[in-house]
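Trainee: First the structure, then my questions, so here it is.
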Amino acid sequence: MDKNSIVIPDWEFLTHEDILQLLRSEDKNVLEPLWQQADEVRKRFVGEEVHLRGLIEVSNICTEQCAYCGIRVKNPHIKRYRMTLEEILESVRMAQRFGYGSLVLQAGESAAVMPTDWVTEVIKEIRKISDQAITLSLGERPENDWQAYRDWFSAGANRYLIRFETSNPELFQRLHPGHPGLERRLFALKKLREIGFEIGSGVMIGVPGQTWDDLANDIELFRTLELDMIGVGPFLPHPETPLGREFHENPERRIVPNNEEMTLKTVALTRLVCPKANIPATTALACIDRSMGHRNGLARGANVIMPNVTPEKYRQLYEIYPSKASTAEAAEIFDKILKEKILSIGRKIGKGRGNSMNKK
Ligand code: 5AD
């Protein structure tokens, strides 16, 4: 084949084989057109605005044992917390001062520490002072407790994020010991959509044991699920987790690299298969390239950033992966630098909630 020929077909027609080939390619002549198409498709379908979502890490208490996650129940080395209602409202006010159109309430999974009624109350109190979109990222409720999701939707929450982490059921099981399985995770997404939430999901890139085919299938599953939001980031090995240890002890289990270029290829391909989705340049991406990570993500398909507005005393305790907290300067400084970065690459600061374009 002519070295300069462009192998990337029009985005509507990307097949599994095309996705695989692009994921594996390190050829500039192949990747340049991918970056370009992703940027064009982003511009055409979701425009120049970058929507900012204020992330509030409500609690790091978790009953699960996800093999990759630093706040898993079996990490005894962290102090556990749950924010008070007043602290949460303070973070909401901060996000409002910065003009963020939406909020994300994220926490470890624990029905005991995050009782349905308490969360409902928090949502109602936020609604009294804010018309920002409210996104929940609180994991799965036990025993198909769909009523909890319904209550939260009725109280004024609008969106729900749960990553499926991998489309390979066996790998999913290894990542989530004790979980009933990938099918249930996908069913939860379906239920959340039926209830009326915009739904978001995503995966990690470069988890030990993840194959190229797995990652290509992940991207195709984004398309099948018609997601409103899709977050992808590199796997970052946490030393206090089984998967973090496996990463270092069994290098032969590393197949897909967990680096910036792989993440950017995944972001770009995600944009091509889901042109209307809201796609963040994630914190994990910014973590592996502190100076350019966010801007590179925005240039290759992303249109959202989620600045952290959690009180500083809690941030260091919400270490789902190493060095996460240290990426986040004080919220005011981060906000100022971020907005300068967005404007410097010719993009606009998003206005309003930044709702999904899927329904339009
Ligand atoms: N490396 C990268 N991402 C991680 N997450 C959790 N632990 C890690 C890690 N070690 C991601 C998961 C989860 C999201 C909130 O953070 O994908 O869904």
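Residues in the structure tokens are named by chain (A, B, ... in the order shown) and by number from 1 within that chain; ligands are numbered from 1 in the order shown.
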Which residues in region 71-262 of chain A does DSSP call alpha helix (DSSP H)? List them as a count of residues only.
Mentor: 83
Trainee: Would you list the contacts of Glu198 (chain A) as an mmCIF file with all heavy atoms, in the first residue's frame, taking every protein, DNA or RNA residue within 10 Å and counting only C-alpha atoms, but skipping same-chain residues closer than 4 positions in sequence?
Mentor:
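out-v9.cif, written as the output of this step:
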```cif
data_model
loop_
_atom_site.group_PDB
_atom_site.id
_atom_site.type_symbol
_atom_site.label_atom_id
_atom_site.label_comp_id
_atom_site.auth_asym_id
_atom_site.auth_seq_id
_atom_site.Cartn_x
_atom_site.Cartn_y
_atom_site.Cartn_z
ATOM 1 N N THR A 135 -25.392 15.074 38.027
ATOM 2 C CA THR A 135 -24.978 13.750 37.571
ATOM 3 C C THR A 135 -24.598 12.923 38.787
ATOM 4 O O THR A 135 -23.883 13.412 39.661
ATOM 5 C CB THR A 135 -23.745 13.873 36.648
ATOM 6 O OG1 THR A 135 -24.042 14.779 35.607
ATOM 7 C CG2 THR A 135 -23.347 12.523 36.073
ATOM 8 N N ALA A 157 -32.184 14.637 40.013
ATOM 9 C CA ALA A 157 -30.932 14.231 39.335
ATOM 10 C C ALA A 157 -31.237 13.958 37.867
ATOM 11 O O ALA A 157 -32.350 13.560 37.518
ATOM 12 C CB ALA A 157 -30.347 12.987 40.002
ATOM 13 N N ASN A 158 -30.266 14.215 37.001
ATOM 14 C CA ASN A 158 -30.505 14.143 35.558
ATOM 15 C C ASN A 158 -29.696 13.080 34.823
ATOM 16 O O ASN A 158 -30.081 12.659 33.734
ATOM 17 C CB ASN A 158 -30.147 15.482 34.902
ATOM 18 C CG ASN A 158 -30.718 16.651 35.646
ATOM 19 O OD1 ASN A 158 -30.022 17.262 36.475
ATOM 20 N ND2 ASN A 158 -31.979 16.949 35.409
ATOM 21 N N ARG A 159 -28.522 12.749 35.376
ATOM 22 C CA ARG A 159 -27.611 11.876 34.623
ATOM 23 C C ARG A 159 -27.005 10.857 35.567
ATOM 24 O O ARG A 159 -26.894 11.116 36.766
ATOM 25 C CB ARG A 159 -26.466 12.701 34.012
ATOM 26 C CG ARG A 159 -26.971 13.866 33.210
ATOM 27 C CD ARG A 159 -25.811 14.741 32.718
ATOM 28 N NE ARG A 159 -26.340 15.875 31.964
ATOM 29 C CZ ARG A 159 -25.682 16.996 31.738
ATOM 30 N NH1 ARG A 159 -24.453 17.153 32.208
ATOM 31 N NH2 ARG A 159 -26.238 17.962 31.036
ATOM 32 N N TYR A 160 -26.597 9.717 34.995
ATOM 33 C CA TYR A 160 -25.966 8.690 35.827
ATOM 34 C C TYR A 160 -24.772 8.098 35.085
ATOM 35 O O TYR A 160 -24.899 7.736 33.908
ATOM 36 C CB TYR A 160 -26.966 7.586 36.180
ATOM 37 C CG TYR A 160 -26.636 6.923 37.506
ATOM 38 C CD1 TYR A 160 -27.327 7.238 38.670
ATOM 39 C CD2 TYR A 160 -25.589 6.000 37.599
ATOM 40 C CE1 TYR A 160 -26.996 6.659 39.893
ATOM 41 C CE2 TYR A 160 -25.257 5.415 38.817
ATOM 42 C CZ TYR A 160 -25.964 5.755 39.965
ATOM 43 O OH TYR A 160 -25.634 5.184 41.172
ATOM 44 N N LEU A 161 -23.657 8.020 35.788
ATOM 45 C CA LEU A 161 -22.446 7.435 35.202
ATOM 46 C C LEU A 161 -22.116 6.113 35.877
ATOM 47 O O LEU A 161 -22.007 6.067 37.103
ATOM 48 C CB LEU A 161 -21.231 8.342 35.450
ATOM 49 C CG LEU A 161 -21.213 9.778 34.949
ATOM 50 C CD1 LEU A 161 -19.941 10.482 35.448
ATOM 51 C CD2 LEU A 161 -21.236 9.791 33.428
ATOM 52 N N LEU A 189 -27.482 0.008 33.310
ATOM 53 C CA LEU A 189 -27.440 1.159 32.386
ATOM 54 C C LEU A 189 -28.768 1.297 31.639
ATOM 55 O O LEU A 189 -29.303 2.389 31.475
ATOM 56 C CB LEU A 189 -26.293 0.995 31.383
ATOM 57 C CG LEU A 189 -24.895 1.377 31.899
ATOM 58 C CD1 LEU A 189 -23.805 0.838 30.978
ATOM 59 C CD2 LEU A 189 -24.754 2.890 32.041
ATOM 60 N N LEU A 192 -31.443 2.611 33.970
ATOM 61 C CA LEU A 192 -31.245 4.043 34.243
ATOM 62 C C LEU A 192 -31.755 4.882 33.085
ATOM 63 O O LEU A 192 -32.395 5.914 33.284
ATOM 64 C CB LEU A 192 -29.755 4.316 34.499
ATOM 65 C CG LEU A 192 -29.266 3.798 35.856
ATOM 66 C CD1 LEU A 192 -27.753 3.623 35.861
ATOM 67 C CD2 LEU A 192 -29.677 4.760 36.974
ATOM 68 N N ARG A 193 -31.505 4.401 31.871
ATOM 69 C CA ARG A 193 -32.009 5.130 30.701
ATOM 70 C C ARG A 193 -33.532 5.122 30.693
ATOM 71 O O ARG A 193 -34.168 6.142 30.449
ATOM 72 C CB ARG A 193 -31.415 4.500 29.447
ATOM 73 C CG ARG A 193 -32.350 4.438 28.320
ATOM 74 C CD ARG A 193 -31.956 5.062 26.981
ATOM 75 N NE ARG A 193 -30.777 5.833 26.848
ATOM 76 C CZ ARG A 193 -29.741 5.504 26.075
ATOM 77 N NH1 ARG A 193 -29.723 4.377 25.434
ATOM 78 N NH2 ARG A 193 -28.720 6.307 25.977
ATOM 79 N N GLU A 194 -34.141 3.955 31.009
ATOM 80 C CA GLU A 194 -35.610 3.860 31.035
ATOM 81 C C GLU A 194 -36.212 4.827 32.057
ATOM 82 O O GLU A 194 -37.252 5.432 31.831
ATOM 83 C CB GLU A 194 -36.049 2.440 31.412
ATOM 84 C CG GLU A 194 -36.079 1.483 30.231
ATOM 85 C CD GLU A 194 -36.287 0.044 30.686
ATOM 86 O OE1 GLU A 194 -36.804 -0.184 31.809
ATOM 87 O OE2 GLU A 194 -35.889 -0.843 29.918
ATOM 88 N N LEU A 227 -24.627 5.682 24.189
ATOM 89 C CA LEU A 227 -24.356 6.413 25.433
ATOM 90 C C LEU A 227 -24.404 7.919 25.218
ATOM 91 O O LEU A 227 -24.062 8.422 24.150
ATOM 92 C CB LEU A 227 -22.974 6.019 25.957
ATOM 93 C CG LEU A 227 -22.813 4.543 26.311
ATOM 94 C CD1 LEU A 227 -21.342 4.206 26.560
ATOM 95 C CD2 LEU A 227 -23.652 4.205 27.540
ATOM 96 N N ASP A 228 -24.817 8.633 26.257
ATOM 97 C CA ASP A 228 -24.803 10.090 26.206
ATOM 98 C C ASP A 228 -23.432 10.640 26.598
ATOM 99 O O ASP A 228 -23.045 11.726 26.176
ATOM 100 C CB ASP A 228 -25.856 10.652 27.183
ATOM 101 C CG ASP A 228 -27.255 10.183 26.807
ATOM 102 O OD1 ASP A 228 -27.713 10.545 25.719
ATOM 103 O OD2 ASP A 228 -27.869 9.427 27.598
ATOM 104 N N MET A 229 -22.744 9.907 27.472
ATOM 105 C CA MET A 229 -21.418 10.353 27.949
ATOM 106 C C MET A 229 -20.491 9.144 27.951
ATOM 107 O O MET A 229 -20.912 8.042 28.321
ATOM 108 C CB MET A 229 -21.529 10.885 29.379
ATOM 109 C CG MET A 229 -22.530 12.017 29.525
ATOM 110 S SD MET A 229 -22.928 12.365 31.247
ATOM 111 C CE MET A 229 -24.115 11.100 31.633
ATOM 112 N N ASN A 355 -26.272 19.541 27.761
ATOM 113 C CA ASN A 355 -27.044 18.295 27.651
ATOM 114 C C ASN A 355 -26.584 17.442 26.480
ATOM 115 O O ASN A 355 -25.968 17.941 25.541
ATOM 116 C CB ASN A 355 -28.531 18.623 27.463
ATOM 117 C CG ASN A 355 -29.177 19.080 28.755
ATOM 118 O OD1 ASN A 355 -28.706 18.749 29.848
ATOM 119 N ND2 ASN A 355 -30.234 19.857 28.639
ATOM 120 N N SER A 356 -26.959 16.164 26.543
ATOM 121 C CA SER A 356 -26.615 15.232 25.470
ATOM 122 C C SER A 356 -27.263 15.664 24.163
ATOM 123 O O SER A 356 -28.414 16.093 24.145
ATOM 124 C CB SER A 356 -27.109 13.842 25.855
ATOM 125 O OG SER A 356 -26.988 12.974 24.762
ATOM 126 N N ASN A 358 -27.750 13.520 21.883
ATOM 127 C CA ASN A 358 -28.381 12.285 21.380
ATOM 128 C C ASN A 358 -29.875 12.449 21.122
ATOM 129 O O ASN A 358 -30.427 11.823 20.252
ATOM 130 C CB ASN A 358 -28.206 11.145 22.387
ATOM 131 C CG ASN A 358 -26.910 10.402 22.150
ATOM 132 O OD1 ASN A 358 -26.264 10.611 21.128
ATOM 133 N ND2 ASN A 358 -26.541 9.535 23.075
ATOM 134 N N LYS A 359 -30.497 13.294 21.983
ATOM 135 C CA LYS A 359 -31.954 13.406 21.892
ATOM 136 C C LYS A 359 -32.384 14.471 20.906
ATOM 137 O O LYS A 359 -33.554 14.665 20.694
ATOM 138 C CB LYS A 359 -32.534 13.703 23.277
ATOM 139 C CG LYS A 359 -32.730 12.428 24.052
ATOM 140 C CD LYS A 359 -32.163 12.475 25.443
ATOM 141 C CE LYS A 359 -31.880 11.078 25.926
ATOM 142 N NZ LYS A 359 -30.614 10.941 26.593
#
```
Trainee: What's the 8 Å shell around region 43-54 of chain A, counting only C-alpha atoms, without same-chain residues fewer than 4 positions away, as an MDAnalysis selection string?
Mentor: chainID A and resid 39 92 95 100:104 275:278 303:309 342 347:351 353:354 357
Trainee: Would you pick out the contacts of region 63-72 of chain A at 7 Å or less, using only C-alpha atoms, so that residues sharing its chain but fewer than 2 positions from it are not included, and give the list as a list in words?
Mentor: Asn60, Lys74, Asn75, Glu109, Ser110, Leu175, His176, Pro177, His238, Glu240, Thr241, Pro242, Leu243, Gly244, Tyr318, Glu319, Ile320 and Tyr321 of chain A
Trainee: Would you write out, as a tab-separated table, a table of all residues in chain A that have an atom no more than 8 Å from an atom of ligand 1, listing for each the closest atom pair and the distance in Å to one decimal, considering only C-alpha atoms and all ligand atoms and ordering rows by chain and rising residue number?
Mentor:
```
residue	atom	partner	partner_atom_place_in_ligand_line	distance
A:Tyr68	CA	ligand 1	10 (N)	4.7
A:Cys69	CA	ligand 1	7 (N)	3.8
A:Gly70	CA	ligand 1	7 (N)	6.3
A:Gln106	CA	ligand 1	15 (C)	7.8
A:Ser137	CA	ligand 1	15 (C)	7.7
A:Ile162	CA	ligand 1	18 (O)	6.4
A:Arg163	CA	ligand 1	18 (O)	4.9
A:Phe164	CA	ligand 1	18 (O)	7.4
A:Glu165	CA	ligand 1	17 (O)	5.6
A:Gly202	CA	ligand 1	17 (O)	6.8
A:Val203	CA	ligand 1	17 (O)	5.6
A:Met204	CA	ligand 1	17 (O)	5.4
A:Ile205	CA	ligand 1	2 (C)	8.0
A:Val232	CA	ligand 1	17 (O)	7.4
A:Gly233	CA	ligand 1	3 (N)	6.2
A:Pro234	CA	ligand 1	2 (C)	5.5
A:Phe235	CA	ligand 1	2 (C)	3.8
A:Leu236	CA	ligand 1	1 (N)	3.7
A:Pro237	CA	ligand 1	10 (N)	5.1
A:His238	CA	ligand 1	10 (N)	5.3
A:Gly244	CA	ligand 1	10 (N)	7.2
A:Ala284	CA	ligand 1	2 (C)	6.2
A:Ile320	CA	ligand 1	7 (N)	4.7
A:Tyr321	CA	ligand 1	10 (N)	4.3
A:Pro322	CA	ligand 1	10 (N)	7.4
```
Trainee: Could you write out that same residue set with N, CA, C and O atoms as a tab-separated table (two decimals), in the first residue's frame?
Mentor:
```tsv
chain	number	residue	atom	x	y	z
A	68	TYR	N	-8.75	-2.99	40.75
A	68	TYR	CA	-7.88	-1.89	40.29
A	68	TYR	C	-7.94	-0.67	41.18
A	68	TYR	O	-7.12	0.23	41.08
A	69	CYS	N	-8.94	-0.59	42.05
A	69	CYS	CA	-9.31	0.69	42.64
A	69	CYS	C	-8.72	0.89	44.03
A	69	CYS	O	-8.87	0.04	44.91
A	70	GLY	N	-8.08	2.04	44.22
A	70	GLY	CA	-7.40	2.33	45.48
A	70	GLY	C	-8.30	2.53	46.67
A	70	GLY	O	-7.85	2.46	47.82
A	106	GLN	N	-19.84	11.93	43.06
A	106	GLN	CA	-19.24	10.60	42.94
A	106	GLN	C	-18.88	10.06	44.32
A	106	GLN	O	-18.51	10.83	45.21
A	137	SER	N	-22.71	9.47	40.26
A	137	SER	CA	-21.74	8.42	39.95
A	137	SER	C	-21.51	7.66	41.25
A	137	SER	O	-20.49	7.82	41.91
A	162	ILE	N	-21.97	5.05	35.09
A	162	ILE	CA	-21.33	3.83	35.60
A	162	ILE	C	-20.52	3.24	34.45
A	162	ILE	O	-21.08	2.80	33.44
A	163	ARG	N	-19.23	3.22	34.60
A	163	ARG	CA	-18.42	2.59	33.56
A	163	ARG	C	-18.63	1.08	33.57
A	163	ARG	O	-18.78	0.50	34.64
A	164	PHE	N	-18.62	0.46	32.38
A	164	PHE	CA	-18.65	-1.02	32.39
A	164	PHE	C	-17.24	-1.57	32.46
A	164	PHE	O	-17.04	-2.76	32.65
A	165	GLU	N	-16.24	-0.73	32.28
A	165	GLU	CA	-14.81	-1.02	32.49
A	165	GLU	C	-14.19	-1.95	31.45
A	165	GLU	O	-13.05	-1.77	31.07
A	202	GLY	N	-17.98	3.86	30.30
A	202	GLY	CA	-16.61	3.99	29.82
A	202	GLY	C	-15.75	2.83	30.27
A	202	GLY	O	-16.25	1.89	30.90
A	203	VAL	N	-14.48	2.91	29.92
A	203	VAL	CA	-13.55	1.81	30.22
A	203	VAL	C	-12.19	2.37	30.59
A	203	VAL	O	-11.90	3.55	30.36
A	204	MET	N	-11.35	1.46	31.13
A	204	MET	CA	-9.94	1.78	31.33
A	204	MET	C	-9.13	1.14	30.20
A	204	MET	O	-9.51	0.11	29.66
A	205	ILE	N	-8.01	1.76	29.91
A	205	ILE	CA	-7.18	1.31	28.80
A	205	ILE	C	-5.86	0.78	29.34
A	205	ILE	O	-5.17	1.48	30.10
A	232	VAL	N	-13.07	7.63	29.03
A	232	VAL	CA	-12.03	6.60	28.96
A	232	VAL	C	-10.73	7.17	29.51
A	232	VAL	O	-10.43	8.35	29.32
A	233	GLY	N	-9.96	6.32	30.18
A	233	GLY	CA	-8.68	6.79	30.72
A	233	GLY	C	-7.72	5.63	30.84
A	233	GLY	O	-8.14	4.46	30.81
A	234	PRO	N	-6.43	5.95	30.95
A	234	PRO	CA	-5.44	4.87	31.11
A	234	PRO	C	-5.59	4.19	32.46
A	234	PRO	O	-5.94	4.85	33.45
A	235	PHE	N	-5.34	2.88	32.51
A	235	PHE	CA	-5.24	2.19	33.79
A	235	PHE	C	-3.98	2.68	34.49
A	235	PHE	O	-2.89	2.70	33.90
A	236	LEU	N	-4.12	3.09	35.75
A	236	LEU	CA	-2.96	3.56	36.52
A	236	LEU	C	-2.78	2.63	37.71
A	236	LEU	O	-3.63	2.60	38.60
A	237	PRO	N	-1.70	1.82	37.71
A	237	PRO	CA	-1.56	0.80	38.75
A	237	PRO	C	-1.43	1.39	40.15
A	237	PRO	O	-0.59	2.26	40.37
A	238	HIS	N	-2.30	0.95	41.04
A	238	HIS	CA	-2.26	1.41	42.43
A	238	HIS	C	-1.61	0.30	43.26
A	238	HIS	O	-2.08	-0.84	43.24
A	244	GLY	N	-2.80	-3.64	40.56
A	244	GLY	CA	-1.60	-2.80	40.60
A	244	GLY	C	-0.36	-3.67	40.80
A	244	GLY	O	0.67	-3.48	40.15
A	284	ALA	N	-7.54	11.04	34.56
A	284	ALA	CA	-6.48	10.03	34.44
A	284	ALA	C	-5.56	10.36	33.26
A	284	ALA	O	-4.34	10.18	33.32
A	320	ILE	N	-8.29	6.92	43.99
A	320	ILE	CA	-8.63	5.69	43.27
A	320	ILE	C	-7.43	5.19	42.49
A	320	ILE	O	-7.28	4.01	42.26
A	321	TYR	N	-6.56	6.10	42.08
A	321	TYR	CA	-5.26	5.72	41.51
A	321	TYR	C	-4.20	6.67	42.04
A	321	TYR	O	-4.52	7.78	42.49
A	322	PRO	N	-2.90	6.27	41.98
A	322	PRO	CA	-1.87	7.06	42.64
A	322	PRO	C	-1.72	8.45	42.02
A	322	PRO	O	-1.96	8.65	40.84
```
Trainee: Just list the residues in region 104-245 of chain A DSSP gives strand (DSSP E) on the backbone, as a list in words.
Mentor: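 Everything in region 104-245 of chain A that counts as strand (DSSP E) is Val104, Leu105, Gln106, Ala107, Ala133, Ile134, Thr135, Leu136, Ser137, Arg159, Tyr160, Leu161, Glu198, Ile199, Gly200, Ser201, Gly202, Val203, Met204, Ile205, Met229, Ile230, Gly231, Val232, Gly233 and Pro234 of chain A.
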Trainee: Could the residues in this selection be saved with N, CA and C atoms as a PDB file, in the first residue's frame?
Mentor:
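Generated file (again07.pdb):
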```pdb
ATOM      1  N   VAL A 104     -21.111  16.651  39.332  1.00  0.00           N
ATOM      2  CA  VAL A 104     -21.048  15.190  39.390  1.00  0.00           C
ATOM      3  C   VAL A 104     -20.821  14.791  40.842  1.00  0.00           C
ATOM      4  N   LEU A 105     -21.776  14.052  41.402  1.00  0.00           N
ATOM      5  CA  LEU A 105     -21.598  13.540  42.760  1.00  0.00           C
ATOM      6  C   LEU A 105     -21.074  12.124  42.644  1.00  0.00           C
ATOM      7  N   GLN A 106     -19.835  11.928  43.060  1.00  0.00           N
ATOM      8  CA  GLN A 106     -19.237  10.602  42.940  1.00  0.00           C
ATOM      9  C   GLN A 106     -18.881  10.058  44.319  1.00  0.00           C
ATOM     10  N   ALA A 107     -19.007   8.732  44.496  1.00  0.00           N
ATOM     11  CA  ALA A 107     -18.647   8.125  45.776  1.00  0.00           C
ATOM     12  C   ALA A 107     -18.353   6.647  45.596  1.00  0.00           C
ATOM     13  N   ALA A 133     -27.166  20.858  35.962  1.00  0.00           N
ATOM     14  CA  ALA A 133     -27.487  19.442  35.813  1.00  0.00           C
ATOM     15  C   ALA A 133     -26.804  18.665  36.939  1.00  0.00           C
ATOM     16  N   ILE A 134     -27.503  17.682  37.480  1.00  0.00           N
ATOM     17  CA  ILE A 134     -26.913  16.850  38.545  1.00  0.00           C
ATOM     18  C   ILE A 134     -26.660  15.451  37.997  1.00  0.00           C
ATOM     19  N   THR A 135     -25.392  15.074  38.027  1.00  0.00           N
ATOM     20  CA  THR A 135     -24.978  13.750  37.571  1.00  0.00           C
ATOM     21  C   THR A 135     -24.598  12.923  38.787  1.00  0.00           C
ATOM     22  N   LEU A 136     -25.071  11.688  38.836  1.00  0.00           N
ATOM     23  CA  LEU A 136     -24.697  10.795  39.937  1.00  0.00           C
ATOM     24  C   LEU A 136     -23.699   9.763  39.429  1.00  0.00           C
ATOM     25  N   SER A 137     -22.713   9.469  40.261  1.00  0.00           N
ATOM     26  CA  SER A 137     -21.738   8.421  39.947  1.00  0.00           C
ATOM     27  C   SER A 137     -21.507   7.663  41.248  1.00  0.00           C
ATOM     28  N   ARG A 159     -28.522  12.749  35.376  1.00  0.00           N
ATOM     29  CA  ARG A 159     -27.611  11.876  34.623  1.00  0.00           C
ATOM     30  C   ARG A 159     -27.005  10.857  35.567  1.00  0.00           C
ATOM     31  N   TYR A 160     -26.597   9.717  34.995  1.00  0.00           N
ATOM     32  CA  TYR A 160     -25.966   8.690  35.827  1.00  0.00           C
ATOM     33  C   TYR A 160     -24.772   8.098  35.085  1.00  0.00           C
ATOM     34  N   LEU A 161     -23.657   8.020  35.788  1.00  0.00           N
ATOM     35  CA  LEU A 161     -22.446   7.435  35.202  1.00  0.00           C
ATOM     36  C   LEU A 161     -22.116   6.113  35.877  1.00  0.00           C
ATOM     37  N   GLU A 198     -29.903  10.650  31.485  1.00  0.00           N
ATOM     38  CA  GLU A 198     -28.854  10.527  30.476  1.00  0.00           C
ATOM     39  C   GLU A 198     -27.843   9.544  31.066  1.00  0.00           C
ATOM     40  N   ILE A 199     -27.324   8.651  30.239  1.00  0.00           N
ATOM     41  CA  ILE A 199     -26.409   7.661  30.820  1.00  0.00           C
ATOM     42  C   ILE A 199     -24.994   7.777  30.259  1.00  0.00           C
ATOM     43  N   GLY A 200     -24.060   7.526  31.163  1.00  0.00           N
ATOM     44  CA  GLY A 200     -22.652   7.576  30.790  1.00  0.00           C
ATOM     45  C   GLY A 200     -21.955   6.307  31.215  1.00  0.00           C
ATOM     46  N   SER A 201     -20.953   5.925  30.436  1.00  0.00           N
ATOM     47  CA  SER A 201     -20.180   4.754  30.808  1.00  0.00           C
ATOM     48  C   SER A 201     -18.755   4.938  30.281  1.00  0.00           C
ATOM     49  N   GLY A 202     -17.979   3.861  30.304  1.00  0.00           N
ATOM     50  CA  GLY A 202     -16.609   3.992  29.820  1.00  0.00           C
ATOM     51  C   GLY A 202     -15.751   2.835  30.265  1.00  0.00           C
ATOM     52  N   VAL A 203     -14.483   2.911  29.918  1.00  0.00           N
ATOM     53  CA  VAL A 203     -13.553   1.813  30.219  1.00  0.00           C
ATOM     54  C   VAL A 203     -12.188   2.374  30.588  1.00  0.00           C
ATOM     55  N   MET A 204     -11.353   1.460  31.125  1.00  0.00           N
ATOM     56  CA  MET A 204      -9.936   1.777  31.333  1.00  0.00           C
ATOM     57  C   MET A 204      -9.129   1.139  30.202  1.00  0.00           C
ATOM     58  N   ILE A 205      -8.007   1.761  29.909  1.00  0.00           N
ATOM     59  CA  ILE A 205      -7.177   1.311  28.797  1.00  0.00           C
ATOM     60  C   ILE A 205      -5.857   0.776  29.339  1.00  0.00           C
ATOM     61  N   MET A 229     -22.744   9.907  27.472  1.00  0.00           N
ATOM     62  CA  MET A 229     -21.418  10.353  27.949  1.00  0.00           C
ATOM     63  C   MET A 229     -20.491   9.144  27.951  1.00  0.00           C
ATOM     64  N   ILE A 230     -19.242   9.369  27.559  1.00  0.00           N
ATOM     65  CA  ILE A 230     -18.292   8.252  27.512  1.00  0.00           C
ATOM     66  C   ILE A 230     -16.936   8.718  28.029  1.00  0.00           C
ATOM     67  N   GLY A 231     -16.510   8.120  29.136  1.00  0.00           N
ATOM     68  CA  GLY A 231     -15.221   8.490  29.722  1.00  0.00           C
ATOM     69  C   GLY A 231     -14.223   7.345  29.591  1.00  0.00           C
ATOM     70  N   VAL A 232     -13.067   7.628  29.033  1.00  0.00           N
ATOM     71  CA  VAL A 232     -12.026   6.602  28.962  1.00  0.00           C
ATOM     72  C   VAL A 232     -10.726   7.174  29.508  1.00  0.00           C
ATOM     73  N   GLY A 233      -9.958   6.321  30.178  1.00  0.00           N
ATOM     74  CA  GLY A 233      -8.680   6.786  30.720  1.00  0.00           C
ATOM     75  C   GLY A 233      -7.720   5.628  30.837  1.00  0.00           C
ATOM     76  N   PRO A 234      -6.426   5.947  30.954  1.00  0.00           N
ATOM     77  CA  PRO A 234      -5.437   4.874  31.110  1.00  0.00           C
ATOM     78  C   PRO A 234      -5.593   4.188  32.465  1.00  0.00           C
TER      79      PRO A 234
END
```
Trainee: Need the shell around Asn168 (chain A): protein/DNA/RNA residues with any atom at most 12 Å away, counting only C-alpha atoms. Skip same-chain ones fewer than 2 positions apart. Format as a PyMOL selection string?
Mentor: chain A and resi 164-166+170-175+181-183+203+207+209-219+221
Trainee: I want to know what sits within 7 Å of region 83-91 of chain A, based on only C-alpha atoms, with residues of the same chain fewer than 5 positions away left out; could you give that as a PDB file with C-alpha atoms, in the first residue's frame?
Mentor:
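Okay, part-v3.pdb is ready:
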```pdb
ATOM      1  CA  ILE A  56     -17.634  16.372  44.151  1.00  0.00           C
ATOM      2  CA  VAL A  58     -18.796  12.763  48.332  1.00  0.00           C
ATOM      3  CA  SER A  59     -17.436   9.655  50.104  1.00  0.00           C
ATOM      4  CA  VAL A 122     -28.869  15.920  49.138  1.00  0.00           C
ATOM      5  CA  ILE A 126     -28.904  21.097  45.775  1.00  0.00           C
ATOM      6  CA  VAL A 309     -14.412  20.957  43.533  1.00  0.00           C
ATOM      7  CA  THR A 310     -14.072  18.567  46.485  1.00  0.00           C
TER       8      THR A 310
END
```
Trainee: Of the candidates A:Val113, A:Lys265, A:Ser167, A:Arg254, which one gets nearest to Asn296 (chain A) if we count only C-alpha atoms?
Mentor: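 Among the listed residues, A:Lys265 lies closest to Asn296 (chain A).
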